[in-house]
Structures are given as structure tokens and as C-alpha cells.
$ cat protein_0.txt   # compact mmCIF, C-alpha atoms
# COMPACT_ATOMS: atom_id res chain seq x y z
CA ALA A 246 67.62 -45.58 176.35
CA GLY A 247 70.12 -46.15 179.10
CA CYS A 248 72.23 -43.22 177.92
CA SER A 249 69.14 -41.01 177.72
CA SER A 250 68.16 -41.85 181.30
CA LYS A 251 71.68 -41.11 182.49
CA SER A 252 71.84 -37.79 180.64
CA THR A 253 68.49 -36.59 181.98
CA ARG A 254 69.72 -37.16 185.54
CA LEU A 255 72.42 -34.58 184.83
CA ILE A 256 69.82 -31.92 184.00
CA PRO A 257 69.34 -29.54 186.98
CA ASP A 258 66.12 -29.94 188.93
CA LYS A 259 64.39 -26.71 187.87
CA PRO A 260 60.76 -25.68 187.36
CA ALA A 261 59.20 -26.76 184.07
CA ILE A 262 59.10 -23.23 182.66
CA GLU A 263 62.85 -22.79 183.20
CA LEU A 264 63.69 -26.14 181.64
CA TYR A 265 61.46 -25.33 178.70
CA SER A 266 63.22 -22.00 178.21
CA THR A 267 66.60 -23.73 178.34
CA ALA A 268 65.48 -26.27 175.77
CA GLN A 269 64.21 -23.54 173.43
CA GLN A 270 67.51 -21.69 173.68
CA ALA A 271 69.39 -24.88 172.80
CA LEU A 272 67.12 -25.50 169.81
CA GLN A 273 67.59 -21.95 168.56
CA ALA A 274 71.36 -22.30 168.93
CA GLY A 275 71.38 -25.58 167.01
CA ASN A 276 72.59 -27.51 170.05
CA PHE A 277 70.25 -30.42 169.47
CA VAL A 278 72.00 -32.85 171.81
CA SER A 279 71.53 -30.51 174.76
CA ALA A 280 68.00 -29.68 173.62
CA ALA A 281 67.05 -33.35 173.47
CA GLU A 282 68.47 -34.03 176.93
CA THR A 283 66.56 -31.12 178.46
CA LEU A 284 63.35 -32.03 176.63
CA GLU A 285 63.71 -35.64 177.78
CA ALA A 286 63.97 -34.41 181.37
CA LEU A 287 60.90 -32.22 180.88
CA ASP A 288 58.93 -35.05 179.33
CA THR A 289 59.83 -37.37 182.21
CA ARG A 290 59.48 -34.98 185.14
CA TYR A 291 56.47 -32.96 183.99
CA PRO A 292 54.32 -35.29 181.85
CA PHE A 293 51.26 -33.10 182.38
CA GLY A 294 52.90 -29.68 182.31
CA PRO A 295 51.68 -26.62 180.38
CA HIS A 296 54.04 -27.31 177.48
CA THR A 297 53.61 -31.10 177.31
CA VAL A 298 52.49 -31.35 173.69
CA GLN A 299 55.02 -28.82 172.41
CA VAL A 300 57.76 -30.60 174.34
CA GLN A 301 56.88 -33.81 172.51
CA LEU A 302 56.93 -32.04 169.14
CA ASP A 303 60.26 -30.38 169.91
CA LEU A 304 61.68 -33.70 171.08
CA ILE A 305 60.78 -35.30 167.74
CA TYR A 306 62.60 -32.50 165.94
CA ALA A 307 65.65 -32.68 168.22
CA TYR A 308 65.96 -36.44 167.74
CA TYR A 309 65.66 -36.01 163.98
CA LYS A 310 68.36 -33.34 163.90
CA ASN A 311 70.60 -35.59 166.02
CA ASN A 312 70.01 -38.37 163.46
CA ASP A 313 68.56 -40.50 166.26
CA THR A 314 65.96 -41.94 163.92
CA ALA A 315 64.88 -44.78 166.21
CA GLN A 316 63.97 -42.39 169.03
CA ALA A 317 62.37 -39.94 166.62
CA LEU A 318 60.14 -42.64 165.10
CA ALA A 319 59.21 -44.01 168.52
CA ASN A 320 58.16 -40.55 169.71
CA ILE A 321 56.29 -39.85 166.48
CA ASP A 322 54.28 -43.05 166.88
CA ARG A 323 53.55 -42.15 170.49
CA PHE A 324 52.41 -38.66 169.51
CA LEU A 325 50.11 -39.98 166.77
CA ARG A 326 48.62 -42.49 169.17
CA LEU A 327 47.98 -39.95 171.93
CA ASN A 328 47.10 -36.90 169.81
CA PRO A 329 45.39 -38.16 166.62
CA THR A 330 43.43 -34.92 166.07
CA HIS A 331 46.05 -32.36 167.06
CA LYS A 332 46.21 -29.23 164.91
CA ASP A 333 49.85 -29.95 163.98
CA ILE A 334 49.31 -33.57 162.99
CA ASP A 335 50.32 -32.74 159.40
CA TYR A 336 53.71 -31.64 160.71
CA VAL A 337 54.12 -34.95 162.53
CA TYR A 338 53.43 -36.93 159.36
CA TYR A 339 55.92 -34.72 157.56
CA MET A 340 58.53 -35.36 160.25
CA ARG A 341 57.90 -39.10 160.06
CA GLY A 342 58.57 -38.94 156.33
CA LEU A 343 61.78 -36.99 156.88
CA THR A 344 62.88 -39.38 159.61
CA ASN A 345 62.23 -42.47 157.50
CA MET A 346 64.20 -40.82 154.69
CA ALA A 347 67.07 -40.20 157.10
CA ALA A 348 66.94 -43.83 158.21
CA ASP A 349 67.19 -44.88 154.57
CA TYR A 350 70.15 -42.63 153.93
CA ASN A 351 73.40 -44.50 153.46
CA VAL A 352 76.53 -42.66 154.56
CA PHE A 353 78.80 -45.00 152.61
CA HIS A 354 76.80 -44.37 149.45
CA SER A 355 76.97 -40.60 149.95
CA ALA A 356 80.63 -40.35 150.90
CA PHE A 357 82.02 -42.52 148.13
CA ASP A 358 79.40 -41.99 145.42
CA ILE A 359 78.74 -45.72 145.18
CA ASP A 360 75.42 -46.87 143.75
CA ARG A 361 73.63 -48.94 146.38
CA SER A 362 70.26 -49.29 144.70
CA ASP A 363 70.06 -52.84 146.02
CA ARG A 364 69.89 -51.87 149.70
CA ASP A 365 66.73 -52.60 151.70
CA PRO A 366 64.06 -50.06 150.69
CA SER A 367 61.75 -50.55 153.68
CA TYR A 368 62.44 -47.12 155.18
CA ALA A 369 62.15 -45.46 151.78
CA ASP A 370 58.84 -47.24 151.24
CA ALA A 371 57.64 -46.05 154.65
CA ALA A 372 58.70 -42.48 153.88
CA PHE A 373 56.82 -42.60 150.57
CA GLY A 374 53.73 -43.72 152.47
CA ASP A 375 54.14 -40.91 155.00
CA PHE A 376 54.42 -38.21 152.36
CA THR A 377 51.58 -39.69 150.33
CA SER A 378 49.34 -39.73 153.40
CA LEU A 379 50.24 -36.12 154.16
CA ILE A 380 49.43 -35.02 150.60
CA LYS A 381 46.10 -36.85 150.52
CA ARG A 382 44.89 -36.06 154.04
CA PHE A 383 46.16 -32.48 154.33
CA PRO A 384 46.26 -30.99 150.82
CA GLU A 385 46.34 -27.44 152.22
CA SER A 386 49.29 -28.09 154.52
CA GLN A 387 52.37 -25.90 154.19
CA TYR A 388 54.45 -29.09 154.02
CA VAL A 389 52.72 -30.55 150.94
CA ALA A 390 54.95 -28.91 148.31
CA ASP A 391 58.13 -30.25 149.86
CA ALA A 392 56.50 -33.63 150.50
CA GLN A 393 55.60 -33.89 146.81
CA GLN A 394 59.18 -33.26 145.73
CA ARG A 395 60.52 -35.78 148.21
CA ALA A 396 57.95 -38.37 147.13
CA ILE A 397 59.16 -38.04 143.55
CA ALA A 398 62.76 -38.67 144.63
CA ILE A 399 61.75 -41.65 146.75
CA LYS A 400 59.76 -43.11 143.86
CA SER A 401 62.94 -43.14 141.78
CA ARG A 402 64.78 -44.82 144.65
CA LEU A 403 62.14 -47.56 144.87
CA ALA A 404 62.13 -48.04 141.09
CA ASN A 405 65.93 -48.38 141.07
CA TYR A 406 65.69 -51.05 143.76
CA GLU A 407 63.28 -53.04 141.61
CA LEU A 408 65.58 -52.61 138.61
CA ALA A 409 68.56 -53.86 140.62
CA ALA A 410 66.50 -56.93 141.52
CA ALA A 411 65.55 -57.49 137.87
CA LYS A 412 69.21 -57.32 136.81
CA TYR A 413 70.15 -59.70 139.61
CA TYR A 414 67.61 -62.23 138.32
CA MET A 415 69.07 -61.88 134.83
CA LYS A 416 72.53 -62.73 136.17
CA ARG A 417 71.08 -65.74 137.97
CA GLN A 418 69.38 -66.77 134.72
CA ALA A 419 65.97 -66.46 136.38
CA TYR A 420 64.53 -64.90 133.25
CA ILE A 421 60.85 -65.18 134.07
CA ALA A 422 61.41 -63.45 137.42
CA ALA A 423 63.52 -60.79 135.71
CA ALA A 424 60.81 -60.08 133.14
CA GLN A 425 58.17 -59.92 135.86
CA ARG A 426 60.22 -57.37 137.81
CA GLY A 427 60.65 -55.33 134.66
CA GLN A 428 56.92 -55.40 134.03
CA TYR A 429 56.28 -54.33 137.63
CA ILE A 430 58.50 -51.27 137.14
CA VAL A 431 56.76 -50.31 133.90
CA GLU A 432 53.35 -50.60 135.55
CA HIS A 433 54.09 -48.99 138.92
CA PHE A 434 56.92 -46.55 138.14
CA PRO A 435 56.25 -45.43 134.54
CA ASP A 436 57.38 -41.86 135.27
CA THR A 437 60.87 -42.82 136.45
CA GLN A 438 64.09 -43.29 134.51
CA ALA A 439 64.24 -46.90 135.69
CA ARG A 440 61.52 -47.82 133.18
CA ILE A 441 64.15 -47.71 130.39
CA GLY A 442 66.35 -50.27 132.13
CA ALA A 443 63.26 -52.33 132.94
CA LEU A 444 62.23 -52.50 129.30
CA GLU A 445 65.75 -53.47 128.30
CA VAL A 446 65.67 -56.31 130.83
CA MET A 447 62.31 -57.42 129.49
CA VAL A 448 63.57 -57.46 125.89
CA SER A 449 66.62 -59.55 126.87
CA ALA A 450 64.63 -61.94 129.05
CA TYR A 451 61.90 -62.51 126.47
CA GLU A 452 64.50 -63.12 123.77
CA ILE A 453 66.18 -65.82 125.83
CA LEU A 454 62.79 -67.33 126.70
CA GLY A 455 61.79 -67.36 123.05
CA GLN A 456 58.79 -65.12 123.68
CA GLU A 457 58.98 -63.22 120.39
CA GLU A 458 55.65 -61.41 120.68
CA LEU A 459 56.38 -60.19 124.21
CA LYS A 460 59.87 -59.19 123.11
CA ALA A 461 58.46 -57.21 120.19
CA ASN A 462 55.98 -55.44 122.44
CA ALA A 463 58.70 -54.49 124.91
CA GLN A 464 60.94 -53.28 122.06
CA ALA A 465 58.14 -51.13 120.69
CA VAL A 466 57.55 -49.48 124.08
CA LEU A 467 61.30 -49.04 124.55
CA ALA A 468 61.56 -47.30 121.18
CA LEU A 469 58.85 -44.86 122.22
CA ASN A 470 60.72 -44.09 125.45
CA ASN A 471 64.14 -43.50 123.89
$ encode --input "protein_0.txt" --output "C-alpha cells"
Amino acid sequence: AGCSSKSTRLIPDKPAIELYSTAQQALQAGNFVSAAETLEALDTRYPFGPHTVQVQLDLIYAYYKNNDTAQALANIDRFLRLNPTHKDIDYVYYMRGLTNMAADYNVFHSAFDIDRSDRDPSYADAAFGDFTSLIKRFPESQYVADAQQRAIAIKSRLANYELAAAKYYMKRQAYIAAAQRGQYIVEHFPDTQARIGALEVMVSAYEILGQEELKANAQAVLALNN
């Protein structure tokens, strides 16, 4: 916030319409840092100007493109609070989903192709909720198709997190907890690949626990899924 305040002071003191034009040019050119700084100045200096709402929407987008997810989410929450019935509210939910996905993204995982299914899924869970809300509340929105595809990917991410937890419990010899996690995956994420690993965990855990009937049931389901 301190850096933002400092950068906005460097923006020339011009009429709102000129600053807005400058910001739009920066957005079109892909200069999102400059766009964000100019939009911040507009938002601060002209809170009731003719382009107030669009400035806030553009600022959300600029923060997202700058990967400033904290600022993007803060401005999204502010917009939803102040403009709950705005005509572009579906876009804002979509942007919140994208921003939460960006917050979940792990650069180390991407750069080195290392599986980090065990990392905190809170942002992924929030993104799934955002896209689900968009799909349910605005089924005719132009963003629904993309939101559906992203929700499917996030669902796999969440299922893999649960599977990583189940395998961790197996290593710790917490077999009841491992079986319960496996069952949770089968019940809540049946359309993901993680269900196979979950069933395998359940078979192993039930065997160690001496639960032959539960083991047989899990093996039967696993056979149908292979």
C-alpha cells in the first residue's frame, strides 16, 4: 500500500478524463503496472467521477495481470460490497475466480515440474466456489463456459490434495484416518482420477485394520474403475 501511495503521487495532476484516457492506453498496450498506477490515482482523486465504476473494474483487471492478487481480491470484495447489482457482476465473480486461481499457482511447481499436491488448497477451494457461484447465479453469462472448464481442473486439484493427505496418514500408520480420507474422495470427487488412488488407499488400510468386508467392497469398486 505504501508503494501504491508513492506511485500515485508521481502521476501528473490532470483532469479525470485525461487520466482515464492514459490508463486505457496503458491497458491496451499491456503496460499493466502503469495502468494500475494511473487507475489508482483516478480512484483516489476522483472517487465520484464519471468513470468511477469502470475505473474500479479496470483496476481489478490491472492488479490481476500484475499478479498482485492481494490488491485484486481486496478491490473485488470492495466492488461486490458497493455494487451488488451491477450489470457486470458476473465478470467480477469470474475475475475473483481467476485471481484465487492465480494465488493458488505455485511458481516452483510450474518451473520444476514438481508435484505439490500437498500445498494449502484454500485459494483453490475459494476459486472453485467463485466459479460455481458464477455458473449457478448467471447461467447465461459469457464467462460460464470457461468457468466450467476451470472448475473441473480445480476439482482435480482439490481431490489430489485429499489423496496426498490420505497417503500421508498411511505413512503415519493412521489407517482409520487414511481410509476416511479415501472414502471422502470417492464420495465428493468421483469424477476425478484421484478416486483410483483413494480406493487403493482404502484397500490397503482396510487390510491392515482387518476389515475384510470393507476391503472387499473397495476392491470391487476399484476393479470397476480400472
$ closest_residue --input "protein_0.txt" --among "A:Glu458, A:Asp391, A:Glu432, A:Asp375" --to "A:Met346" --atoms "all atoms listed in the file"
A:Asp375
$ residues_around --input "protein_0.txt" --residues "A:Asn311" --least-positions-apart "6" --cutoff "12 Å" --atoms "only C-alpha atoms" --output "ChimeraX atom specification"
/A:272,275-282,304-305,317,344,347-348
$ residues_around --input "protein_0.txt" --residues "A:Tyr451" --least-positions-apart "3" --cutoff "9 Å" --atoms "all atoms listed in the file" --output "list of chain:residue names"
A:Tyr420, A:Ile421, A:Ala424, A:Val446, A:Met447, A:Val448, A:Leu454, A:Gly455, A:Gln456, A:Glu457, A:Glu458, A:Leu459, A:Lys460, A:Ala461, A:Ala463
$ write_last_selection --input "protein_0.txt" --atoms "C-alpha atoms" --output "short mmCIF file (atom, residue, chain, number, x, y, z; two decimals), in the frame of the given file"
data_model
loop_
_atom_site.label_atom_id
_atom_site.label_comp_id
_atom_site.auth_asym_id
_atom_site.auth_seq_id
_atom_site.Cartn_x
_atom_site.Cartn_y
_atom_site.Cartn_z
CA TYR A 420 64.53 -64.90 133.25
CA ILE A 421 60.85 -65.18 134.07
CA ALA A 424 60.81 -60.08 133.14
CA VAL A 446 65.67 -56.31 130.83
CA MET A 447 62.31 -57.42 129.49
CA VAL A 448 63.57 -57.46 125.89
CA LEU A 454 62.79 -67.33 126.70
CA GLY A 455 61.79 -67.36 123.05
CA GLN A 456 58.79 -65.12 123.68
CA GLU A 457 58.98 -63.22 120.39
CA GLU A 458 55.65 -61.41 120.68
CA LEU A 459 56.38 -60.19 124.21
CA LYS A 460 59.87 -59.19 123.11
CA ALA A 461 58.46 -57.21 120.19
CA ALA A 463 58.70 -54.49 124.91
#
$ residues_near_point --input "protein_0.txt" --point "(53.8, -40.6, 158.6)" --cutoff "8 Å" --atoms "all atoms listed in the file" --output "compact mmCIF listing (two decimals) with C-alpha atoms, in the frame of the given file"
# COMPACT_ATOMS: atom_id res chain seq x y z
CA VAL A 337 54.12 -34.95 162.53
CA TYR A 338 53.43 -36.93 159.36
CA TYR A 339 55.92 -34.72 157.56
CA MET A 340 58.53 -35.36 160.25
CA ARG A 341 57.90 -39.10 160.06
CA GLY A 342 58.57 -38.94 156.33
CA ALA A 371 57.64 -46.05 154.65
CA ALA A 372 58.70 -42.48 153.88
CA GLY A 374 53.73 -43.72 152.47
CA ASP A 375 54.14 -40.91 155.00
CA PHE A 376 54.42 -38.21 152.36
CA SER A 378 49.34 -39.73 153.40
CA LEU A 379 50.24 -36.12 154.16
$ atom_distance --input "protein_0.txt" --atom1 "atom CA of A:Gln301" --atom2 "atom CA of A:Ser386"
20.3 Å
$ atom_distance --input "protein_0.txt" --atom1 "atom CA of A:Glu407" --atom2 "atom CA of A:Ala315"
26.0 Å
$ atom_distance --input "protein_0.txt" --atom1 "atom CA of A:Ala369" --atom2 "atom CA of A:Asn345"
6.5 Å
$ residues_near_point --input "protein_0.txt" --point "(65.3, -54.9, 129.1)" --cutoff "10 Å" --atoms "all atoms listed in the file" --output "PDB file with C-alpha atoms, in the coordinates of the input"
ATOM      1  CA  LEU A 408      65.580 -52.610 138.610  1.00  0.00           C
ATOM      2  CA  ALA A 411      65.550 -57.490 137.870  1.00  0.00           C
ATOM      3  CA  LYS A 412      69.210 -57.320 136.810  1.00  0.00           C
ATOM      4  CA  MET A 415      69.070 -61.880 134.830  1.00  0.00           C
ATOM      5  CA  ALA A 423      63.520 -60.790 135.710  1.00  0.00           C
ATOM      6  CA  ALA A 424      60.810 -60.080 133.140  1.00  0.00           C
ATOM      7  CA  GLY A 427      60.650 -55.330 134.660  1.00  0.00           C
ATOM      8  CA  GLN A 428      56.920 -55.400 134.030  1.00  0.00           C
ATOM      9  CA  ARG A 440      61.520 -47.820 133.180  1.00  0.00           C
ATOM     10  CA  ILE A 441      64.150 -47.710 130.390  1.00  0.00           C
ATOM     11  CA  GLY A 442      66.350 -50.270 132.130  1.00  0.00           C
ATOM     12  CA  ALA A 443      63.260 -52.330 132.940  1.00  0.00           C
ATOM     13  CA  LEU A 444      62.230 -52.500 129.300  1.00  0.00           C
ATOM     14  CA  GLU A 445      65.750 -53.470 128.300  1.00  0.00           C
ATOM     15  CA  VAL A 446      65.670 -56.310 130.830  1.00  0.00           C
ATOM     16  CA  MET A 447      62.310 -57.420 129.490  1.00  0.00           C
ATOM     17  CA  VAL A 448      63.570 -57.460 125.890  1.00  0.00           C
ATOM     18  CA  SER A 449      66.620 -59.550 126.870  1.00  0.00           C
ATOM     19  CA  ALA A 450      64.630 -61.940 129.050  1.00  0.00           C
ATOM     20  CA  TYR A 451      61.900 -62.510 126.470  1.00  0.00           C
ATOM     21  CA  GLU A 452      64.500 -63.120 123.770  1.00  0.00           C
ATOM     22  CA  LYS A 460      59.870 -59.190 123.110  1.00  0.00           C
ATOM     23  CA  ALA A 463      58.700 -54.490 124.910  1.00  0.00           C
ATOM     24  CA  GLN A 464      60.940 -53.280 122.060  1.00  0.00           C
ATOM     25  CA  LEU A 467      61.300 -49.040 124.550  1.00  0.00           C
TER      26      LEU A 467
END
$ build_atoms --input "protein_0.txt" --residues "stretch 302-325 of chain A" --atoms "N, CA, C and O atoms" --output "short mmCIF file (atom, residue, chain, number, x, y, z; two decimals), in the coordinates of the input"
data_model
loop_
_atom_site.label_atom_id
_atom_site.label_comp_id
_atom_site.auth_asym_id
_atom_site.auth_seq_id
_atom_site.Cartn_x
_atom_site.Cartn_y
_atom_site.Cartn_z
N LEU A 302 56.63 -32.44 170.51
CA LEU A 302 56.93 -32.04 169.14
C LEU A 302 58.39 -31.61 168.99
O LEU A 302 59.06 -31.98 168.02
N ASP A 303 58.86 -30.83 169.95
CA ASP A 303 60.26 -30.38 169.91
C ASP A 303 61.22 -31.55 170.06
O ASP A 303 62.31 -31.56 169.46
N LEU A 304 60.83 -32.54 170.86
CA LEU A 304 61.68 -33.70 171.08
C LEU A 304 61.82 -34.51 169.78
O LEU A 304 62.91 -34.99 169.46
N ILE A 305 60.73 -34.63 169.04
CA ILE A 305 60.78 -35.30 167.74
C ILE A 305 61.79 -34.60 166.83
O ILE A 305 62.63 -35.24 166.19
N TYR A 306 61.70 -33.28 166.80
CA TYR A 306 62.60 -32.50 165.94
C TYR A 306 64.05 -32.64 166.39
O TYR A 306 64.96 -32.80 165.56
N ALA A 307 64.28 -32.58 167.69
CA ALA A 307 65.65 -32.68 168.22
C ALA A 307 66.25 -34.05 167.91
O ALA A 307 67.42 -34.15 167.51
N TYR A 308 65.46 -35.10 168.07
CA TYR A 308 65.96 -36.44 167.74
C TYR A 308 66.29 -36.54 166.26
O TYR A 308 67.31 -37.12 165.86
N TYR A 309 65.42 -35.98 165.42
CA TYR A 309 65.66 -36.01 163.98
C TYR A 309 66.95 -35.28 163.62
O TYR A 309 67.77 -35.79 162.85
N LYS A 310 67.15 -34.11 164.20
CA LYS A 310 68.36 -33.34 163.90
C LYS A 310 69.62 -34.03 164.44
O LYS A 310 70.71 -33.84 163.90
N ASN A 311 69.47 -34.83 165.49
CA ASN A 311 70.60 -35.59 166.02
C ASN A 311 70.83 -36.88 165.25
O ASN A 311 71.73 -37.65 165.57
N ASN A 312 69.98 -37.13 164.24
CA ASN A 312 70.01 -38.37 163.46
C ASN A 312 69.74 -39.59 164.32
O ASN A 312 70.20 -40.70 164.02
N ASP A 313 69.00 -39.39 165.41
CA ASP A 313 68.56 -40.50 166.26
C ASP A 313 67.19 -40.93 165.74
O ASP A 313 66.15 -40.66 166.34
N THR A 314 67.21 -41.63 164.61
CA THR A 314 65.96 -41.94 163.92
C THR A 314 65.07 -42.90 164.70
O THR A 314 63.85 -42.80 164.64
N ALA A 315 65.67 -43.82 165.44
CA ALA A 315 64.88 -44.78 166.21
C ALA A 315 64.05 -44.06 167.27
O ALA A 315 62.85 -44.32 167.44
N GLN A 316 64.68 -43.14 168.00
CA GLN A 316 63.97 -42.39 169.03
C GLN A 316 62.94 -41.45 168.41
O GLN A 316 61.84 -41.28 168.94
N ALA A 317 63.30 -40.85 167.29
CA ALA A 317 62.37 -39.94 166.62
C ALA A 317 61.12 -40.69 166.19
O ALA A 317 59.99 -40.24 166.43
N LEU A 318 61.29 -41.86 165.57
CA LEU A 318 60.14 -42.64 165.10
C LEU A 318 59.30 -43.14 166.26
O LEU A 318 58.06 -43.15 166.18
N ALA A 319 59.95 -43.54 167.35
CA ALA A 319 59.21 -44.01 168.52
C ALA A 319 58.35 -42.89 169.10
O ALA A 319 57.19 -43.10 169.46
N ASN A 320 58.91 -41.68 169.17
CA ASN A 320 58.16 -40.55 169.71
C ASN A 320 57.08 -40.07 168.75
O ASN A 320 56.03 -39.60 169.18
N ILE A 321 57.32 -40.18 167.46
CA ILE A 321 56.29 -39.85 166.48
C ILE A 321 55.10 -40.78 166.62
O ILE A 321 53.94 -40.35 166.65
N ASP A 322 55.37 -42.08 166.73
CA ASP A 322 54.28 -43.05 166.88
C ASP A 322 53.51 -42.80 168.17
O ASP A 322 52.28 -42.91 168.20
N ARG A 323 54.23 -42.45 169.22
CA ARG A 323 53.55 -42.15 170.49
C ARG A 323 52.67 -40.92 170.34
O ARG A 323 51.53 -40.91 170.81
N PHE A 324 53.18 -39.90 169.68
CA PHE A 324 52.41 -38.66 169.51
C PHE A 324 51.14 -38.94 168.69
O PHE A 324 50.06 -38.46 169.05
N LEU A 325 51.28 -39.68 167.61
CA LEU A 325 50.11 -39.98 166.77
C LEU A 325 49.07 -40.79 167.52
O LEU A 325 47.87 -40.62 167.32
#
